[in-house]
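What follows is a single structure, written as structure tokens, with notes after it.
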Amino acid sequence: MNQPHLTCGICGKQGHRYRRGLCGHCALAEDLRAVLDDGDGCIRAEMLPFFDGFRTMGNPLAGIQWIRRPHVHQMLRTLADPATPLTHETLNAMSPWRSVAYLRDLLMLHGVLPLADRHLMLFERWLRDILTEVAEPERRQLLARFATWHVLHRLRRFAERGPITEKQTQQARGEIRQAIAFLTWLDQRGRTLATCGQADIDGWYAGAYTARRLTHAFLRWAIRNKLLTHLVLPHQATTNPAPISQQQRLATLRRLLTDEQIPLLTRVTATLVLLYAQPLTRILGLTIDDVLHDDGHVNLRLGDPPTPVPEPFAALLLRHLDQRLNLTTATNQDSHWLFPGRRGGQPMTTDTIERRLRNHQIAALNGRAAALRHLVLQAPAPVIAPMLGYTDQQTSRIATAAGSPWSRYAPGNDHAP
Ligand SMILES: [Zn+2]
């Protein structure tokens, strides 16, 4: 500025002329007073600290230019109205966000607004924008609940202890993005959280564990809030560097089908674990009513809809069911458990089955659940059956040898009554 020096007509200080004999600071104060006018020629009391702080800023000309910008002018006019609550929420509703962020910093600097975490603020703004993009109202509402009660809740707890780091908000963004992606994916499968089963969870994580790890937050929250059945979330098996391979899985299944030295009950439980990657507790929780056999097809109610049990495994399962139905143990006469335990009214314990598996050197399944689930997705039960190289004839022979009343349902035996 090369204007001649003047003595300001208001403050009397020597300085650059800005307008009508006013120095820059007095001109800024004049403009600020105008924009902050509450309608009665005053400035609302809550805004006075901002007024006093801003008008004495180092570069008054920059201040004058800033408050002249149309959107800044509009924001200040809104805040000048005594009816407008002076809160962070009020600012949250304003745009564009860069100007809002700057104004917010100024209002916090001068004590008009309480100090708030900058990264938290940026996250909240990002969250509002991304939720707006979720068109489906129910899904948006669900995500907003998750964001508020889990993600934001955690960030606010962090903020109480100190400034939030970018890494913390990055994780929070990831959790929200993954939750949105998961719900969209689920919807494309024709499922909702309420109908989501283990196979859906496994399908989501299959081959993309690392990329989708952050979905855990949403799924755990949904399980805690009973929006989702209690399902098993995979975890990277770091303690288990040599998980079972597809080849081992096939070899074990083949042995379970043919090795008559292994008690039938052990063979059936192990087969179900290897075929469907269900935890033992889930297998042992099955009742005889969960085995559905109509129209020559055997289905197992591991979820909804029931899962097909292909031959030759169906024959093995039905053979067990047949023996199981002939139970004469007094305590278990009325038991409906598919694998009744020794204690009346209780299914077998996992300890018992695990001991049996160990006794017969059947590849231990514990701690390998995640890897196993992955294999099951690569080769589900109906794919496994032909992979084992069983011909229809052999399959029917197994069923017939079992003397099962269901042997007529074996494939390749279409002419039987
Ligand atoms: Zn002056």
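We name chains A, B, ... following the order of the structure tokens; residues begin at 1 in each chain, and ligands are numbered from 1 as shown.
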Non-local contacts of region 354-359 of chain A (12 Å; only C-alpha atoms; under 5 positions in same chain excluded) as an mmCIF file with C-alpha atoms, in the first residue's frame:
```cif
data_model
loop_
_atom_site.group_PDB
_atom_site.id
_atom_site.type_symbol
_atom_site.label_atom_id
_atom_site.label_comp_id
_atom_site.auth_asym_id
_atom_site.auth_seq_id
_atom_site.Cartn_x
_atom_site.Cartn_y
_atom_site.Cartn_z
ATOM 1 C CA THR A 252 -9.626 -86.503 5.263
ATOM 2 C CA LEU A 256 -14.087 -90.399 6.837
ATOM 3 C CA GLN A 261 -12.607 -98.439 11.897
ATOM 4 C CA ILE A 262 -13.698 -94.952 12.940
ATOM 5 C CA PRO A 263 -16.964 -94.851 14.859
ATOM 6 C CA LEU A 264 -19.789 -93.571 12.692
ATOM 7 C CA LEU A 265 -20.627 -90.722 15.024
ATOM 8 C CA THR A 266 -17.064 -89.409 14.836
ATOM 9 C CA ARG A 267 -17.058 -89.727 11.071
ATOM 10 C CA VAL A 268 -20.312 -87.796 10.730
ATOM 11 C CA THR A 269 -19.361 -84.913 13.006
ATOM 12 C CA ALA A 270 -15.935 -84.529 11.370
ATOM 13 C CA THR A 271 -17.491 -84.710 7.911
ATOM 14 C CA VAL A 273 -17.153 -79.713 10.065
ATOM 15 C CA PRO A 279 -17.850 -74.781 14.553
ATOM 16 C CA LEU A 280 -18.288 -77.976 16.546
ATOM 17 C CA THR A 281 -20.684 -76.286 18.948
ATOM 18 C CA LEU A 284 -23.523 -80.546 18.153
ATOM 19 C CA MET A 348 -22.494 -84.329 23.228
ATOM 20 C CA THR A 349 -19.778 -82.014 24.437
ATOM 21 C CA ALA A 364 -7.389 -81.104 14.245
ATOM 22 C CA LEU A 365 -9.906 -78.493 13.279
ATOM 23 C CA ASN A 366 -9.450 -76.054 16.110
#
```
TODO: Collect all residues with atoms no farther than 8 Å from ligand 1, counting only C-alpha atoms and all ligand atoms, and output them as a ChimeraX atom specification.
DONE: /A:7-13,15,22-27
Open item on the list: Using only C-alpha atoms for the distances, tell me which of A:Val309, A:Ala211, A:Met75, A:Ile288 is nearest to Ala93 (chain A).
Closed with: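 The shortest atom-to-atom distance to Ala93 (chain A) comes from A:Met75.
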TODO: Would you mind telling me which residue in A:Ala379, A:Ile283, A:Leu227, A:Ala181 lies nearest to Phe339 (chain A) when using only C-alpha atoms?
DONE: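 Selected residue with least distance to Phe339 (chain A): A:Ile283.
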Task: Separation of CA of Arg191 (chain A) from CA of Pro137 (chain A), in Å and rounded to one decimal - done: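 CA of Pro137 (chain A) lies 16.3 Å from CA of Arg191 (chain A).
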Task: DSSP strand (DSSP E) residues within region 203-359 of chain A, listed as a PyMOL selection string - done: chain A and resi 291-294+297-300+307-309
With N, CA and C atoms retained, export the selected residues as a PDB file, in the first residue's frame.
```pdb
ATOM      1  N   VAL A 291     -32.407 -82.336  10.159  1.00  0.00           N
ATOM      2  CA  VAL A 291     -32.086 -83.144   8.971  1.00  0.00           C
ATOM      3  C   VAL A 291     -33.372 -83.321   8.187  1.00  0.00           C
ATOM      4  N   LEU A 292     -33.419 -82.704   7.020  1.00  0.00           N
ATOM      5  CA  LEU A 292     -34.645 -82.734   6.218  1.00  0.00           C
ATOM      6  C   LEU A 292     -34.415 -83.643   5.030  1.00  0.00           C
ATOM      7  N   HIS A 293     -35.273 -84.608   4.854  1.00  0.00           N
ATOM      8  CA  HIS A 293     -35.115 -85.458   3.667  1.00  0.00           C
ATOM      9  C   HIS A 293     -36.457 -85.684   3.004  1.00  0.00           C
ATOM     10  N   ASP A 294     -36.615 -84.972   1.890  1.00  0.00           N
ATOM     11  CA  ASP A 294     -37.803 -85.130   1.054  1.00  0.00           C
ATOM     12  C   ASP A 294     -37.336 -85.248  -0.381  1.00  0.00           C
ATOM     13  N   HIS A 297     -33.802 -85.736  -1.634  1.00  0.00           N
ATOM     14  CA  HIS A 297     -32.721 -84.786  -1.321  1.00  0.00           C
ATOM     15  C   HIS A 297     -32.618 -84.619   0.180  1.00  0.00           C
ATOM     16  N   VAL A 298     -31.393 -84.646   0.656  1.00  0.00           N
ATOM     17  CA  VAL A 298     -31.173 -84.432   2.083  1.00  0.00           C
ATOM     18  C   VAL A 298     -30.660 -83.007   2.281  1.00  0.00           C
ATOM     19  N   ASN A 299     -31.280 -82.315   3.188  1.00  0.00           N
ATOM     20  CA  ASN A 299     -30.841 -80.959   3.528  1.00  0.00           C
ATOM     21  C   ASN A 299     -30.618 -80.856   5.021  1.00  0.00           C
ATOM     22  N   LEU A 300     -29.676 -80.025   5.372  1.00  0.00           N
ATOM     23  CA  LEU A 300     -29.339 -79.843   6.770  1.00  0.00           C
ATOM     24  C   LEU A 300     -29.624 -78.394   7.145  1.00  0.00           C
ATOM     25  N   THR A 307     -29.106 -76.276   4.006  1.00  0.00           N
ATOM     26  CA  THR A 307     -27.989 -76.544   3.108  1.00  0.00           C
ATOM     27  C   THR A 307     -28.101 -77.956   2.537  1.00  0.00           C
ATOM     28  N   PRO A 308     -27.937 -78.105   1.215  1.00  0.00           N
ATOM     29  CA  PRO A 308     -28.014 -79.453   0.642  1.00  0.00           C
ATOM     30  C   PRO A 308     -26.858 -80.324   1.125  1.00  0.00           C
ATOM     31  N   VAL A 309     -27.151 -81.574   1.385  1.00  0.00           N
ATOM     32  CA  VAL A 309     -26.113 -82.544   1.721  1.00  0.00           C
ATOM     33  C   VAL A 309     -26.035 -83.517   0.541  1.00  0.00           C
TER      34      VAL A 309
END
```
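If only C-alpha atoms are the atoms counted, then among A:Gln248, A:Gln188, A:Gln171, A:Thr229 the closest residue to Leu375 (chain A) is A:Gln248.
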